[in-house]
Structures are given as structure tokens and as C-alpha cells.
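Enquirer: File model31.csv below, CSV, C-alpha atoms:
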chain,number,residue,atom,x,y,z
J,1,MET,CA,22.5,-6.5,15.4
J,2,SER,CA,20.7,-9.0,17.6
J,3,GLY,CA,18.3,-8.2,20.3
J,4,PRO,CA,16.1,-9.9,22.9
J,5,LYS,CA,13.9,-12.7,21.6
J,6,PHE,CA,10.2,-12.6,21.5
J,7,THR,CA,9.1,-15.9,23.0
J,8,GLU,CA,5.8,-17.9,23.0
J,9,VAL,CA,5.3,-17.0,26.7
J,10,MET,CA,5.4,-13.3,25.9
J,11,LYS,CA,2.3,-13.5,23.7
J,12,LYS,CA,0.2,-13.7,26.8
J,13,ASP,CA,0.9,-10.3,28.3
J,14,TYR,CA,3.0,-8.3,25.7
J,15,THR,CA,1.6,-5.6,23.5
J,16,ILE,CA,3.1,-5.5,20.0
J,17,LEU,CA,3.1,-2.1,18.3
J,18,ILE,CA,2.9,-1.9,14.5
J,19,PRO,CA,3.2,1.4,12.5
J,20,ASP,CA,0.2,2.2,10.4
J,21,MET,CA,0.5,2.1,6.6
J,22,THR,CA,-2.9,1.6,5.0
J,23,THR,CA,-5.6,1.8,7.6
J,24,ILE,CA,-8.3,-0.4,6.1
J,25,HIS,CA,-5.9,-3.2,5.3
J,26,PHE,CA,-4.0,-3.1,8.6
J,27,LYS,CA,-7.3,-3.4,10.6
J,28,PHE,CA,-7.8,-6.8,9.0
J,29,LEU,CA,-4.2,-7.8,9.4
J,30,ALA,CA,-4.1,-6.8,13.0
J,31,HIS,CA,-7.2,-8.9,13.6
J,32,ILE,CA,-5.5,-12.0,12.0
J,33,PHE,CA,-2.5,-11.5,14.4
J,34,ARG,CA,-4.9,-11.3,17.4
J,35,SER,CA,-6.7,-14.5,16.2
J,36,TYR,CA,-3.3,-16.3,16.6
J,37,GLY,CA,-2.7,-15.0,20.1
J,38,TYR,CA,-0.7,-11.8,19.4
J,39,ASN,CA,-1.9,-8.7,21.3
J,40,VAL,CA,-1.2,-6.2,18.5
J,41,GLU,CA,-1.9,-2.5,18.4
J,42,ILE,CA,-1.7,-0.2,15.3
J,43,LEU,CA,0.0,3.1,15.9
J,44,TYR,CA,-1.8,6.2,14.6
J,45,ASN,CA,0.3,8.9,16.2
J,46,GLN,CA,1.1,11.6,13.7
J,47,GLY,CA,2.5,15.2,13.6
J,48,GLN,CA,5.8,16.9,13.6
J,49,GLU,CA,6.7,15.2,16.9
J,50,VAL,CA,6.8,11.8,15.2
J,51,VAL,CA,9.2,13.2,12.5
J,52,ASP,CA,11.3,14.9,15.2
J,53,GLU,CA,11.5,11.7,17.2
J,54,GLY,CA,12.6,9.8,14.1
J,55,LEU,CA,15.3,12.3,13.4
J,56,LYS,CA,16.8,11.7,16.8
J,57,TYR,CA,17.5,8.1,15.9
J,58,VAL,CA,17.6,7.8,12.1
J,59,HIS,CA,19.9,9.9,9.9
J,60,ASN,CA,17.9,12.3,7.7
J,61,ASP,CA,19.6,10.8,4.6
J,62,THR,CA,18.2,7.4,5.4
J,63,CYS,CA,15.0,6.2,4.0
J,64,TYR,CA,12.1,8.5,5.0
J,65,PRO,CA,9.7,5.6,5.7
J,66,ALA,CA,12.2,4.1,8.1
J,67,LEU,CA,12.5,7.5,9.9
J,68,LEU,CA,8.7,7.7,10.2
J,69,CYS,CA,8.1,4.2,11.3
J,70,ILE,CA,10.8,4.3,13.9
J,71,GLY,CA,9.7,7.8,14.9
J,72,GLN,CA,6.2,6.4,15.5
J,73,MET,CA,7.5,3.6,17.6
J,74,MET,CA,9.9,5.7,19.7
J,75,ASP,CA,7.3,8.3,20.2
J,76,ALA,CA,4.9,5.6,21.5
J,77,LEU,CA,7.5,4.2,23.9
J,78,HIS,CA,8.2,7.7,25.3
J,79,SER,CA,4.6,8.5,25.6
J,80,GLY,CA,4.0,6.7,28.9
J,81,LYS,CA,1.0,5.0,27.5
J,82,TYR,CA,2.7,1.6,27.4
J,83,ASP,CA,4.6,-0.6,29.9
J,84,VAL,CA,7.9,-0.7,28.0
J,85,HIS,CA,8.8,-3.9,29.8
J,86,LYS,CA,5.7,-5.5,28.4
J,87,THR,CA,5.9,-4.0,24.9
J,88,ALA,CA,7.4,-5.4,21.6
J,89,LEU,CA,7.7,-3.9,18.2
J,90,LEU,CA,7.0,-5.3,14.7
J,91,LEU,CA,8.5,-4.2,11.4
J,92,SER,CA,8.6,-5.7,7.9
J,93,GLN,CA,11.7,-6.6,6.0
J,94,THR,CA,11.2,-6.8,2.2
J,95,GLY,CA,14.5,-8.4,1.2
J,96,GLY,CA,16.2,-7.6,-2.1
J,97,GLY,CA,17.9,-4.3,-2.8
J,98,CYS,CA,15.5,-2.1,-0.9
J,99,ARG,CA,16.6,-0.3,2.2
J,100,ALA,CA,13.6,-1.6,4.0
J,101,SER,CA,15.6,-4.8,4.6
J,102,ASN,CA,17.6,-2.7,7.1
J,103,TYR,CA,14.7,-1.2,9.1
J,104,VAL,CA,14.9,-3.8,11.8
J,105,CYS,CA,18.6,-3.2,12.4
J,106,LEU,CA,18.0,0.6,12.4
J,107,LEU,CA,15.2,0.1,15.0
J,108,ARG,CA,17.3,-2.0,17.2
J,109,LYS,CA,20.1,0.6,17.0
J,110,ALA,CA,17.5,3.3,18.0
J,111,LEU,CA,16.3,1.2,20.9
J,112,ASP,CA,19.9,0.8,22.2
J,113,LYS,CA,20.5,4.5,22.0
J,114,ALA,CA,17.3,5.4,23.8
J,115,GLY,CA,17.9,2.8,26.6
J,116,PHE,CA,15.2,0.5,25.4
J,117,ASP,CA,17.5,-2.4,24.5
J,118,PHE,CA,15.3,-4.8,26.4
J,119,VAL,CA,12.4,-4.3,24.0
J,120,PRO,CA,12.0,-7.2,21.6
J,121,VAL,CA,11.7,-6.5,17.9
J,122,LEU,CA,9.8,-9.0,15.6
J,123,SER,CA,10.5,-9.1,11.9
J,124,LEU,CA,7.8,-9.7,9.3
J,125,ASN,CA,9.6,-11.3,6.4
J,126,PHE,CA,9.5,-14.4,4.2
J,127,ALA,CA,13.2,-14.4,3.2
J,128,GLY,CA,14.8,-15.6,6.4
J,129,LEU,CA,16.4,-12.2,7.0
J,130,ASP,CA,15.9,-12.3,10.8
J,131,GLU,CA,15.9,-15.0,13.4
J,132,ASN,CA,13.2,-13.2,15.4
J,133,ALA,CA,10.7,-13.4,12.5
J,134,VAL,CA,7.0,-14.0,13.0
J,135,PRO,CA,6.3,-17.7,12.2
J,136,PHE,CA,3.7,-18.1,9.5
J,137,THR,CA,1.5,-21.0,8.7
J,138,ILE,CA,-0.3,-21.6,5.3
J,139,PRO,CA,-3.8,-20.7,6.8
J,140,MET,CA,-2.3,-17.5,8.2
J,141,VAL,CA,-0.9,-16.5,4.9
J,142,ILE,CA,-4.1,-17.3,3.0
J,143,LYS,CA,-6.1,-15.2,5.6
J,144,ALA,CA,-3.6,-12.4,5.0
J,145,MET,CA,-4.2,-12.6,1.2
J,146,MET,CA,-8.0,-12.4,1.8
J,147,ALA,CA,-7.5,-9.5,4.1
J,148,VAL,CA,-5.5,-7.6,1.5
J,149,ILE,CA,-8.1,-8.2,-1.3
J,150,TYR,CA,-10.9,-7.1,1.0
J,151,GLY,CA,-8.9,-4.0,1.9
J,152,ASP,CA,-8.2,-3.2,-1.8
J,153,THR,CA,-11.9,-3.6,-2.7
J,154,LEU,CA,-13.1,-1.2,0.0
J,155,MET,CA,-10.3,1.3,-0.9
J,156,LEU,CA,-11.2,1.0,-4.6
J,157,LEU,CA,-14.9,1.5,-4.2
J,158,ARG,CA,-14.7,4.2,-1.5
J,159,ASN,CA,-12.4,6.2,-3.7
J,160,GLN,CA,-14.8,6.1,-6.6
J,161,VAL,CA,-17.8,7.0,-4.6
J,162,ILE,CA,-16.6,9.6,-2.0
J,163,PRO,CA,-16.0,12.5,-4.4
J,164,TYR,CA,-19.6,12.2,-5.8
J,165,GLU,CA,-21.7,11.2,-2.8
J,166,ILE,CA,-24.7,13.3,-2.1
J,167,GLU,CA,-24.8,12.5,1.6
J,168,LYS,CA,-21.4,13.4,3.0
J,169,GLY,CA,-19.7,10.6,4.9
J,170,ALA,CA,-21.9,7.8,3.3
J,171,ALA,CA,-18.9,6.0,1.7
J,172,ASP,CA,-16.8,6.2,4.9
J,173,ARG,CA,-19.7,4.8,7.0
J,174,LEU,CA,-20.2,1.9,4.6
J,175,THR,CA,-16.5,1.2,4.6
J,176,GLU,CA,-16.5,1.1,8.4
J,177,GLU,CA,-19.7,-1.1,8.4
J,178,TRP,CA,-18.2,-3.6,6.0
J,179,THR,CA,-14.9,-3.6,7.9
J,180,ALA,CA,-16.6,-4.5,11.2
J,181,ARG,CA,-18.8,-7.1,9.5
J,182,LEU,CA,-15.8,-8.9,7.9
J,183,LEU,CA,-13.8,-8.7,11.1
J,184,SER,CA,-16.5,-10.4,13.1
J,185,ASN,CA,-16.4,-13.3,10.7
J,186,PHE,CA,-12.6,-13.6,10.1
J,187,ARG,CA,-12.2,-16.4,12.6
J,188,SER,CA,-14.4,-18.6,10.4
J,189,THR,CA,-12.6,-20.9,8.0
J,190,GLN,CA,-15.6,-20.4,5.7
J,191,LEU,CA,-14.3,-16.9,5.0
J,192,LEU,CA,-11.3,-18.4,3.2
J,193,SER,CA,-13.4,-20.1,0.5
J,194,ARG,CA,-13.6,-18.6,-3.0
J,195,ARG,CA,-17.4,-19.0,-2.9
J,196,THR,CA,-17.6,-16.9,0.3
J,197,LEU,CA,-15.1,-14.4,-1.1
J,198,ARG,CA,-17.1,-14.0,-4.3
J,199,LYS,CA,-20.4,-13.6,-2.3
J,200,ASN,CA,-18.9,-10.9,0.0
J,201,LEU,CA,-17.2,-9.0,-2.8
J,202,ASN,CA,-20.4,-8.8,-4.8
J,203,ALA,CA,-22.3,-7.7,-1.7
J,204,ILE,CA,-19.8,-5.0,-1.0
J,205,ALA,CA,-19.8,-3.7,-4.5
J,206,ALA,CA,-23.7,-3.8,-4.6
J,207,ASP,CA,-23.9,-1.7,-1.4
J,208,PHE,CA,-21.4,0.9,-2.7
J,209,ALA,CA,-23.4,1.1,-6.0
J,210,LYS,CA,-26.5,2.0,-4.0
J,211,ILE,CA,-25.0,5.1,-2.5
J,212,PRO,CA,-26.7,8.2,-4.2
J,213,VAL,CA,-24.1,10.1,-6.2
J,214,ARG,CA,-24.0,13.3,-8.4
J,215,ASP,CA,-23.6,12.9,-12.1
J,216,GLU,CA,-20.7,15.1,-12.8
J,217,GLN,CA,-17.2,15.1,-14.2
J,218,ARG,CA,-14.2,15.4,-11.9
J,219,VAL,CA,-10.5,15.4,-12.5
J,220,LYS,CA,-9.3,11.8,-12.1
J,221,VAL,CA,-5.9,11.4,-10.4
J,222,GLY,CA,-3.8,8.2,-10.0
J,223,VAL,CA,-1.2,7.8,-7.3
J,224,VAL,CA,1.8,5.5,-7.6
J,225,GLY,CA,5.1,5.3,-5.9
J,226,GLU,CA,7.1,3.7,-3.1
J,227,ILE,CA,4.8,1.4,-1.1
J,228,TYR,CA,4.8,3.2,2.3
J,229,VAL,CA,4.6,6.8,1.0
J,230,LYS,CA,1.9,5.8,-1.5
J,231,TYR,CA,-0.4,4.5,1.2
J,232,ALA,CA,0.5,6.1,4.5
J,233,ALA,CA,-1.1,9.5,5.3
J,234,LEU,CA,1.8,10.2,7.6
J,235,GLY,CA,4.3,9.6,4.8
J,236,ASN,CA,2.5,11.6,2.1
J,237,ASN,CA,1.1,14.5,4.2
J,238,ASN,CA,-2.5,13.2,3.8
J,239,LEU,CA,-2.3,13.3,0.0
J,240,GLU,CA,-5.7,11.6,-0.6
J,241,GLN,CA,-7.5,14.0,1.7
J,242,PHE,CA,-5.8,16.9,-0.1
J,243,LEU,CA,-6.9,15.6,-3.5
J,244,TYR,CA,-10.5,15.2,-2.3
J,245,GLU,CA,-10.4,18.8,-1.1
J,246,GLN,CA,-9.2,19.8,-4.5
J,247,GLY,CA,-12.3,18.2,-6.1
J,248,CYS,CA,-10.6,15.1,-7.5
J,249,GLU,CA,-11.4,11.4,-7.8
J,250,THR,CA,-8.4,9.4,-6.8
J,251,MET,CA,-7.2,5.9,-7.9
J,252,VAL,CA,-4.5,4.2,-5.8
J,253,PRO,CA,-3.4,0.8,-7.1
J,254,GLY,CA,-4.0,-2.0,-4.6
J,255,LEU,CA,-1.6,-3.5,-2.1
J,256,TYR,CA,-2.5,-6.9,-3.6
J,257,ASP,CA,-0.8,-6.0,-6.9
J,258,PHE,CA,2.5,-5.5,-5.0
J,259,ILE,CA,2.1,-9.0,-3.6
J,260,MET,CA,1.4,-10.3,-7.1
J,261,TYR,CA,4.5,-8.3,-8.3
J,262,THR,CA,6.8,-10.0,-5.7
J,263,MET,CA,5.5,-13.5,-6.7
J,264,GLN,CA,5.8,-12.7,-10.4
J,265,ASN,CA,9.4,-11.8,-9.7
J,266,SER,CA,10.0,-15.4,-8.6
J,267,LEU,CA,9.0,-16.5,-12.1
J,268,GLU,CA,11.2,-13.8,-13.6
J,269,ASP,CA,14.1,-15.2,-11.5
J,270,ASP,CA,13.3,-18.7,-12.7
J,271,ALA,CA,13.6,-17.5,-16.3
J,272,LEU,CA,16.7,-15.3,-15.8
J,273,TYR,CA,18.7,-17.6,-13.5
J,274,GLY,CA,17.2,-21.0,-13.8
J,275,SER,CA,15.3,-23.1,-11.2
J,276,SER,CA,14.3,-26.6,-10.4
J,277,LYS,CA,11.1,-27.9,-12.1
J,278,TRP,CA,9.4,-28.4,-8.8
J,279,LYS,CA,10.3,-24.9,-7.5
J,280,HIS,CA,9.1,-23.3,-10.8
J,281,PHE,CA,5.9,-25.4,-10.7
J,282,LEU,CA,5.2,-24.1,-7.2
J,283,HIS,CA,5.8,-20.5,-8.3
J,284,VAL,CA,3.4,-20.9,-11.2
J,285,GLN,CA,0.7,-22.4,-9.0
J,286,ILE,CA,1.0,-19.6,-6.4
J,287,VAL,CA,0.7,-16.9,-9.1
J,288,LYS,CA,-2.4,-18.6,-10.5
J,289,PHE,CA,-4.0,-18.8,-7.1
J,290,LEU,CA,-3.3,-15.2,-6.3
J,291,ASN,CA,-4.5,-14.1,-9.7
J,292,GLY,CA,-7.8,-16.0,-9.2
J,293,ILE,CA,-8.5,-14.1,-6.0
J,294,ARG,CA,-7.7,-10.8,-7.7
J,295,ASN,CA,-10.1,-11.6,-10.6
J,296,GLU,CA,-12.9,-12.1,-8.1
J,297,MET,CA,-12.4,-8.5,-7.0
J,298,ARG,CA,-12.2,-7.2,-10.6
J,299,LYS,CA,-15.4,-9.0,-11.7
J,300,ALA,CA,-17.4,-7.8,-8.6
J,301,ALA,CA,-16.3,-4.2,-9.2
J,302,MET,CA,-17.1,-4.2,-13.0
J,303,ASP,CA,-20.4,-6.0,-12.5
J,304,HIS,CA,-21.6,-3.1,-10.4
J,305,GLY,CA,-20.4,-0.3,-12.7
J,306,PHE,CA,-17.1,0.6,-11.1
J,307,THR,CA,-13.7,1.0,-12.8
J,308,ALA,CA,-11.6,-2.1,-11.9
J,309,PRO,CA,-7.8,-2.7,-12.3
J,310,SER,CA,-6.7,-4.4,-15.6
J,311,GLU,CA,-6.0,-8.1,-15.9
J,312,PHE,CA,-2.6,-8.7,-14.2
J,313,SER,CA,-1.4,-10.2,-17.5
J,314,HIS,CA,-2.2,-6.9,-19.2
J,315,LEU,CA,-0.4,-5.0,-16.6
J,316,LEU,CA,2.6,-7.2,-17.2
J,317,ASP,CA,2.4,-6.5,-20.9
J,318,LEU,CA,2.2,-2.7,-20.3
J,319,ALA,CA,5.3,-2.8,-18.1
J,320,ALA,CA,7.2,-4.9,-20.6
J,321,SER,CA,6.5,-2.4,-23.3
J,322,VAL,CA,8.6,0.3,-21.5
J,323,ILE,CA,10.9,-1.5,-19.1
J,324,GLY,CA,12.5,-4.9,-18.6
J,325,ARG,CA,10.9,-7.1,-16.0
J,326,GLY,CA,14.3,-7.9,-14.6
J,327,CYS,CA,14.1,-4.3,-13.1
J,328,LYS,CA,12.7,-5.4,-9.8
J,329,MET,CA,14.4,-3.3,-7.1
J,330,GLY,CA,11.9,-1.3,-5.0
J,331,GLU,CA,8.6,-1.2,-6.9
J,332,GLY,CA,10.5,-1.9,-10.1
J,333,TRP,CA,8.6,-2.6,-13.3
J,334,LEU,CA,5.3,-2.6,-11.4
J,335,LEU,CA,5.4,1.2,-10.9
J,336,SER,CA,6.0,1.9,-14.6
J,337,GLY,CA,3.3,-0.5,-15.6
J,338,GLU,CA,0.9,1.1,-13.1
J,339,MET,CA,1.4,4.5,-14.6
J,340,MET,CA,0.4,3.2,-18.0
J,341,GLU,CA,-2.5,1.3,-16.6
J,342,LEU,CA,-3.8,4.4,-14.8
J,343,ALA,CA,-3.6,6.4,-18.1
J,344,GLU,CA,-5.6,3.6,-19.9
J,345,LEU,CA,-8.2,3.6,-17.2
J,346,GLY,CA,-8.8,7.3,-17.4
J,347,TYR,CA,-6.7,8.4,-14.5
J,348,ALA,CA,-4.1,10.1,-16.7
J,349,ASN,CA,-3.2,12.7,-14.2
J,350,ILE,CA,-0.6,10.8,-12.2
J,351,ILE,CA,1.3,11.7,-9.0
J,352,THR,CA,4.4,9.6,-8.4
J,353,VAL,CA,5.5,9.7,-4.7
J,354,GLN,CA,8.7,8.5,-3.3
J,355,PRO,CA,11.1,9.2,-0.5
J,356,PHE,CA,13.9,11.5,-1.5
J,357,GLY,CA,17.0,9.5,-2.4
J,358,CYS,CA,15.1,6.2,-3.0
J,359,LEU,CA,17.2,5.3,-6.0
J,360,PRO,CA,15.1,2.4,-7.3
J,361,ASN,CA,11.8,4.4,-7.3
J,362,HIS,CA,13.4,7.5,-8.8
J,363,ILE,CA,14.6,5.3,-11.7
J,364,VAL,CA,11.2,3.6,-12.3
J,365,ALA,CA,9.1,6.7,-11.7
J,366,LYS,CA,10.9,10.0,-12.6
J,367,GLY,CA,13.2,8.1,-14.9
J,368,MET,CA,10.4,6.4,-16.8
J,369,ALA,CA,8.0,9.4,-17.0
J,370,ARG,CA,9.2,10.5,-20.5
J,371,THR,CA,8.9,7.0,-21.9
J,372,VAL,CA,5.4,6.6,-20.4
J,373,LYS,CA,4.3,9.9,-21.9
J,374,GLU,CA,5.6,8.8,-25.3
J,375,LYS,CA,3.4,5.7,-25.1
J,376,CYS,CA,0.5,7.5,-23.4
J,377,PRO,CA,0.3,11.1,-24.7
J,378,GLN,CA,-2.6,11.9,-22.4
J,379,ALA,CA,-0.5,11.3,-19.3
J,380,ASN,CA,0.0,14.3,-17.1
J,381,ILE,CA,2.7,13.3,-14.6
J,382,VAL,CA,4.3,15.0,-11.6
J,383,ALA,CA,6.9,13.5,-9.3
J,384,ILE,CA,6.8,14.5,-5.6
J,385,ASP,CA,9.6,13.8,-3.1
J,386,TYR,CA,9.0,13.4,0.6
J,387,ASP,CA,11.6,13.8,3.3
J,388,PRO,CA,12.0,15.6,6.7
J,389,GLY,CA,13.1,18.8,5.0
J,390,ALA,CA,10.4,19.0,2.3
J,391,THR,CA,7.7,21.5,2.9
J,392,ARG,CA,4.1,20.6,2.6
J,393,VAL,CA,3.3,23.9,0.9
J,394,ASN,CA,5.9,23.2,-1.9
J,395,GLN,CA,4.6,19.7,-2.4
J,396,GLU,CA,1.0,20.9,-2.6
J,397,ASN,CA,1.8,23.8,-4.9
J,398,ARG,CA,3.5,21.4,-7.4
J,399,ILE,CA,0.4,19.2,-7.3
J,400,LYS,CA,-1.9,22.2,-7.8
J,401,LEU,CA,0.1,23.1,-10.9
J,402,MET,CA,-0.4,19.6,-12.3
J,403,LEU,CA,-4.2,19.8,-11.4
J,404,SER,CA,-4.5,23.1,-13.3
J,405,ILE,CA,-3.3,21.4,-16.4
J,406,ALA,CA,-5.7,18.5,-15.7
J,407,ARG,CA,-8.6,20.9,-15.4
J,408,GLU,CA,-7.8,22.5,-18.7
J,409,ASN,CA,-7.6,19.1,-20.3
J,410,LEU,CA,-11.0,18.1,-18.8
J,411,LYS,CA,-12.5,21.3,-20.0
J,412,GLN,CA,-11.3,20.6,-23.6
J,413,GLN,CA,-12.7,17.1,-23.5
J,414,GLU,CA,-16.1,18.4,-22.4
J,415,GLN,CA,-16.1,20.9,-25.2
J,416,GLU,CA,-15.1,18.4,-28.0
J,417,PRO,CA,-18.5,16.9,-28.7
J,418,ALA,CA,-20.0,20.4,-29.2
J,419,LEU,CA,-17.4,21.1,-31.8
J,420,VAL,CA,-18.1,18.1,-33.9
Can the structure in the file be given as C-alpha cells, please?

Expert:
Amino acid sequence: MSGPKFTEVMKKDYTILIPDMTTIHFKFLAHIFRSYGYNVEILYNQGQEVVDEGLKYVHNDTCYPALLCIGQMMDALHSGKYDVHKTALLLSQTGGGCRASNYVCLLRKALDKAGFDFVPVLSLNFAGLDENAVPFTIPMVIKAMMAVIYGDTLMLLRNQVIPYEIEKGAADRLTEEWTARLLSNFRSTQLLSRRTLRKNLNAIAADFAKIPVRDEQRVKVGVVGEIYVKYAALGNNNLEQFLYEQGCETMVPGLYDFIMYTMQNSLEDDALYGSSKWKHFLHVQIVKFLNGIRNEMRKAAMDHGFTAPSEFSHLLDLAASVIGRGCKMGEGWLLSGEMMELAELGYANIITVQPFGCLPNHIVAKGMARTVKEKCPQANIVAIDYDPGATRVNQENRIKLMLSIARENLKQQEQEPALV
């Protein structure tokens, strides 16, 4: 389904609306778009009205993230806040077997139904899925990679400090301060250098390490799942906030790992289906480059006493011990590997979140839970489905049941030294 084109002339006076997914990261990504002349705005509208708006235009059996993203956009267009004749919309298309490849078509269908067929829709994809895709340059892509690694670092450190901070709000304030500081420098090409990245990541970790914290044990919970529901508060009913209120420390694997996963899959395709030597060489170099950036984040976190993600090669080995790396629909082998990684890192209480009916993620999450438990006996896993008909109370009660087991396990671990 085609629609009106977004032209170069429109950049001057059109507002481009983008649904929020992970707030820290999207602030950086929005800033990058603005630096290239796009007037973008992240949507933060939430509540039942967004779900209801989505249900008007997206069948309730369709992917829940599509329903929410389109619901946010249609709610914004109906709000009266924007000049709909000077507004465009931006959605990502992942490609592959995921239903996210169809989000743009679903959005255009919704716009036609609502009488907004004149609103342009831009696609964010690298697979040539849509002729109205955002044009990317290499510097723009590198900036985006840096934005994601900074976002992952702030998310990782904040999550490890906030449950223990003595002064409430200290971690959030520092996150906001560093976000503003990095945004003010993002136009500089110097920010793209490894040396500057290393310097900034070390400074960020050092600042978080200075926040006074309580010395106490808390239940550690890892969250894995479908990419949108895992990160978006709208998609998971503010899961991270709920876990904080339950006295937990939360670990959410970074968005950068999903990028690494997609690029690693290019190497898997080369091995499974063959490839030209030049194309394979290019894939190898991209993976090496991305891994080098990721290792800067790991080292900065560990050097300042924080728990860091495993080496990506180790994550690959963990995944390969339970599932074939040819399993790459949705979050594929990455999700199974992340569950095992979290258990190794001490976050053995794992919540897997996915939209109801997301076949790939049900297979690699619920379907792999038993195998992961056999490999990691300490794993305490609960799977939570999210859809328009699921009640928040039922979801939270199931999580509370998992947490009750986690607290018993923690109590036993604390008593073990006294019994020796």
C-alpha cells in the first residue's frame, strides 16, 4: 500500500512523530535526526485511550506493539495538538519473518480509514522494504551506534544504582545530566572517535560509582523478550517501575546487543547459504567494529565496580549450547542466550515478556525455558504475555509469585555461610 511521499522540501516545516520505545536511547536518536534537518518529536502519550485508539484501526489479534505504536500516532493526530497537514509519521521495519515488517502498511491502512490519507509515512529500515525509507549515510549510522551505546550505558548503570541509592532520585538526575551533556556535543565529529567514547564512558561510570548507596542484598531480576515490549513502558505496563516498587534490582540487556545480533545473523547467513568473499569480509569487519564499541562500554562498567554484559562471543556460545543460531526470527537465539547470560551474571530471576501470539518469541522464550533451566538450575523463569485483553493485575500477580520464590532463594543464600 503506497502513500504520499515525504520530500526534501517537507523537512523545513513538517513535524515527524515517532512512537517512544526506550526513552534514554530515543532522545539521542531524535537529536541525530534533528541534526540532519528532520523536525522530529517523540510521542509519550499513554493510557487506555492509546490502546482504545489502536483497537479502532488494528485487529486485536495483530501484533500488540503495532497496535500500541499506531494507537499512539492516531491518538496524537486526533488530539488537535498538531497541524495534520504539516505532520508525518515514522515507523521501523525490521524485515525477516517478524510482523514488524508490516507495521508501515498497517499504519497507512489506519490513516486511510481515519481520513488522514494525506499524511506521509516514513520507514526506518535497511532492507529496501519501502520506497519512502529514511536515507542513511555512513556518518549518520555511526552516530546512531554511538547513541545506542551511550543509552545502554546509562540504562545499565542507572538500573544498578537506583534500588540502593541513599538520596532518592540521584541516579535519575545523573542520567538526565549526562543525557543533556552528551546531546549538547552530538554535533561534533569528535564525539564519534573511539578515544572520546572511551573517555565519556569512563566519566559516566565514575560519576555513577560516586552516588552513595546502601550495602544490602536485593532480589535481582532480568528482563528479556520481544524488543518493543521489553523496553517500552507503554508495552509492558511500566514493568521496571513495578519491579523497583517490589524492592528489586533490574537488568535489561541493551539495545546494542540486538544490533549485534542482526549483524551476526549476516555471518550466519553467509555460513548457511554462502556469500561472496567481499560481502563476507564486509560483514566480518562490521561485526568487529560493533564489538569494539561494545567492549568499551563493558570495560568502563567493570573498571568502576558494576556488573557488565558478557563478551559477545560468550553470549554466542551460551546461545549455541541450547539453540541453533539459524533460529533468527524475532529475537531468535539472542533471547535464549540472554536468559543464560543473566543467570550467569546473578540475575537468575528472569521475566520473559512478549506480545500474545508472537510465535517466534514464544518459541525462543517459553519454548526454551525448560532447556535453560536444565543448563542453569538456579534460573527462576516466568513468561508474561501482553495484549489488549490482558489485565495488569493478573500480570503483576504472576510476577509476584515468581518474586516470592526469588526471595526464598535469596534468604537461603544468605543463611548458607552461617551453616558451614

Enquirer: So which residues fall inside 12 Å of (-4.9, -3.0, -18.6) if we count all atoms listed in the file? Mind giving them as a PyMOL selection string?

Expert: chain J and resi 298+307-319+337-346

Enquirer: Skipping near chain neighbours, those fewer than 3 positions away, what residues fall within 12 Å of Glu245 in chain J using all atoms listed in the file, listed as a list of chain:residue names?

Expert: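 After dropping sequence-adjacent residues, the list is J:Ile162, J:Pro163, J:Arg218, J:Val219, J:Asn238, J:Leu239, J:Glu240, J:Gln241, J:Phe242, J:Cys248, J:Glu249, J:Thr250, J:Glu396, J:Lys400.
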
Enquirer: Near range 70-76 of chain J, counting only C-alpha atoms, which residues have an atom at most 8 Å away, once you skip same-chain residues fewer than 4 positions from it, shown as a count of residues only?

Expert: 23

Enquirer: What's the separation between CA of Ala205 in chain J and CA of His304 in chain J, in Å to one decimal place?

Expert: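 Computing the Euclidean distance for CA of Ala205 in chain J and CA of His304 in chain J yields 6.2 Å.
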
Enquirer: Measuring between only C-alpha atoms, which one of J:Gln378, J:Ser336, J:Thr23, J:Asn409 shows the shortest distance to Glu176 in chain J?

Expert: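 Of all the options, J:Thr23 lies closest to Glu176 in chain J.
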
Enquirer: Could you please determine the separation between CA of Gly151 in chain J and CA of Pro253 in chain J in Å, to one decimal place?

Expert: 11.6 Å

Enquirer: For Gly254 in chain J, which residue out of J:Asn185, J:Thr153, J:Thr137, J:Ser321 is the nearest one, using all atoms listed in the file?

Expert: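 Checking each of J:Asn185, J:Thr153, J:Thr137, J:Ser321 against Gly254 in chain J, counting all atoms listed in the file, the winner is J:Thr153.
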
Enquirer: Could you work out how far CA of Val223 in chain J lies from CA of Val252 in chain J, giving the answer in Å with one decimal?

Expert: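 Between CA of Val252 in chain J and CA of Val223 in chain J the gap works out to 5.1 Å.
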
Enquirer: Extract, using only C-alpha atoms, all DNA, RNA and protein residues at most 10 Å from Ala30 in chain J, discarding same-chain residues fewer than 6 positions from it, and format them as a PDB file with C-alpha atoms, keeping the file's coordinate frame.

Expert:
ATOM      1  CA  ILE J  18       2.900  -1.900  14.500  1.00  0.00           C
ATOM      2  CA  TYR J  38      -0.700 -11.800  19.400  1.00  0.00           C
ATOM      3  CA  ASN J  39      -1.900  -8.700  21.300  1.00  0.00           C
ATOM      4  CA  VAL J  40      -1.200  -6.200  18.500  1.00  0.00           C
ATOM      5  CA  GLU J  41      -1.900  -2.500  18.400  1.00  0.00           C
ATOM      6  CA  ILE J  42      -1.700  -0.200  15.300  1.00  0.00           C
ATOM      7  CA  ALA J 144      -3.600 -12.400   5.000  1.00  0.00           C
ATOM      8  CA  ALA J 147      -7.500  -9.500   4.100  1.00  0.00           C
TER       9      ALA J 147
END

Enquirer: Using the structure block above, produce a file of range 367-377 of chain J that contains N, CA and C atoms, as a compact mmCIF listing (two decimals), in the first residue's frame.

Expert:
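To be explicit, this is the file written out as result-v3.txt:
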# COMPACT_ATOMS: atom_id res chain seq x y z
N GLY J 367 9.31 -21.61 25.00
CA GLY J 367 9.73 -22.91 24.49
C GLY J 367 11.10 -23.34 24.93
N MET J 368 11.96 -22.37 25.30
CA MET J 368 13.33 -22.70 25.70
C MET J 368 13.54 -22.66 27.21
N ALA J 369 12.51 -22.28 27.96
CA ALA J 369 12.66 -22.12 29.42
C ALA J 369 13.13 -23.40 30.09
N ARG J 370 12.56 -24.54 29.71
CA ARG J 370 12.92 -25.80 30.34
C ARG J 370 14.39 -26.15 30.05
N THR J 371 14.81 -25.95 28.81
CA THR J 371 16.20 -26.24 28.44
C THR J 371 17.16 -25.33 29.19
N VAL J 372 16.81 -24.04 29.30
CA VAL J 372 17.65 -23.09 30.03
C VAL J 372 17.77 -23.50 31.50
N LYS J 373 16.67 -23.94 32.09
CA LYS J 373 16.69 -24.37 33.50
C LYS J 373 17.57 -25.61 33.69
N GLU J 374 17.56 -26.50 32.70
CA GLU J 374 18.42 -27.68 32.79
C GLU J 374 19.89 -27.28 32.78
N LYS J 375 20.23 -26.28 31.97
CA LYS J 375 21.61 -25.79 31.90
C LYS J 375 21.95 -24.89 33.09
N CYS J 376 20.96 -24.14 33.56
CA CYS J 376 21.16 -23.18 34.66
C CYS J 376 20.11 -23.47 35.74
N PRO J 377 20.38 -24.42 36.64
CA PRO J 377 19.38 -24.83 37.64
C PRO J 377 18.92 -23.68 38.53
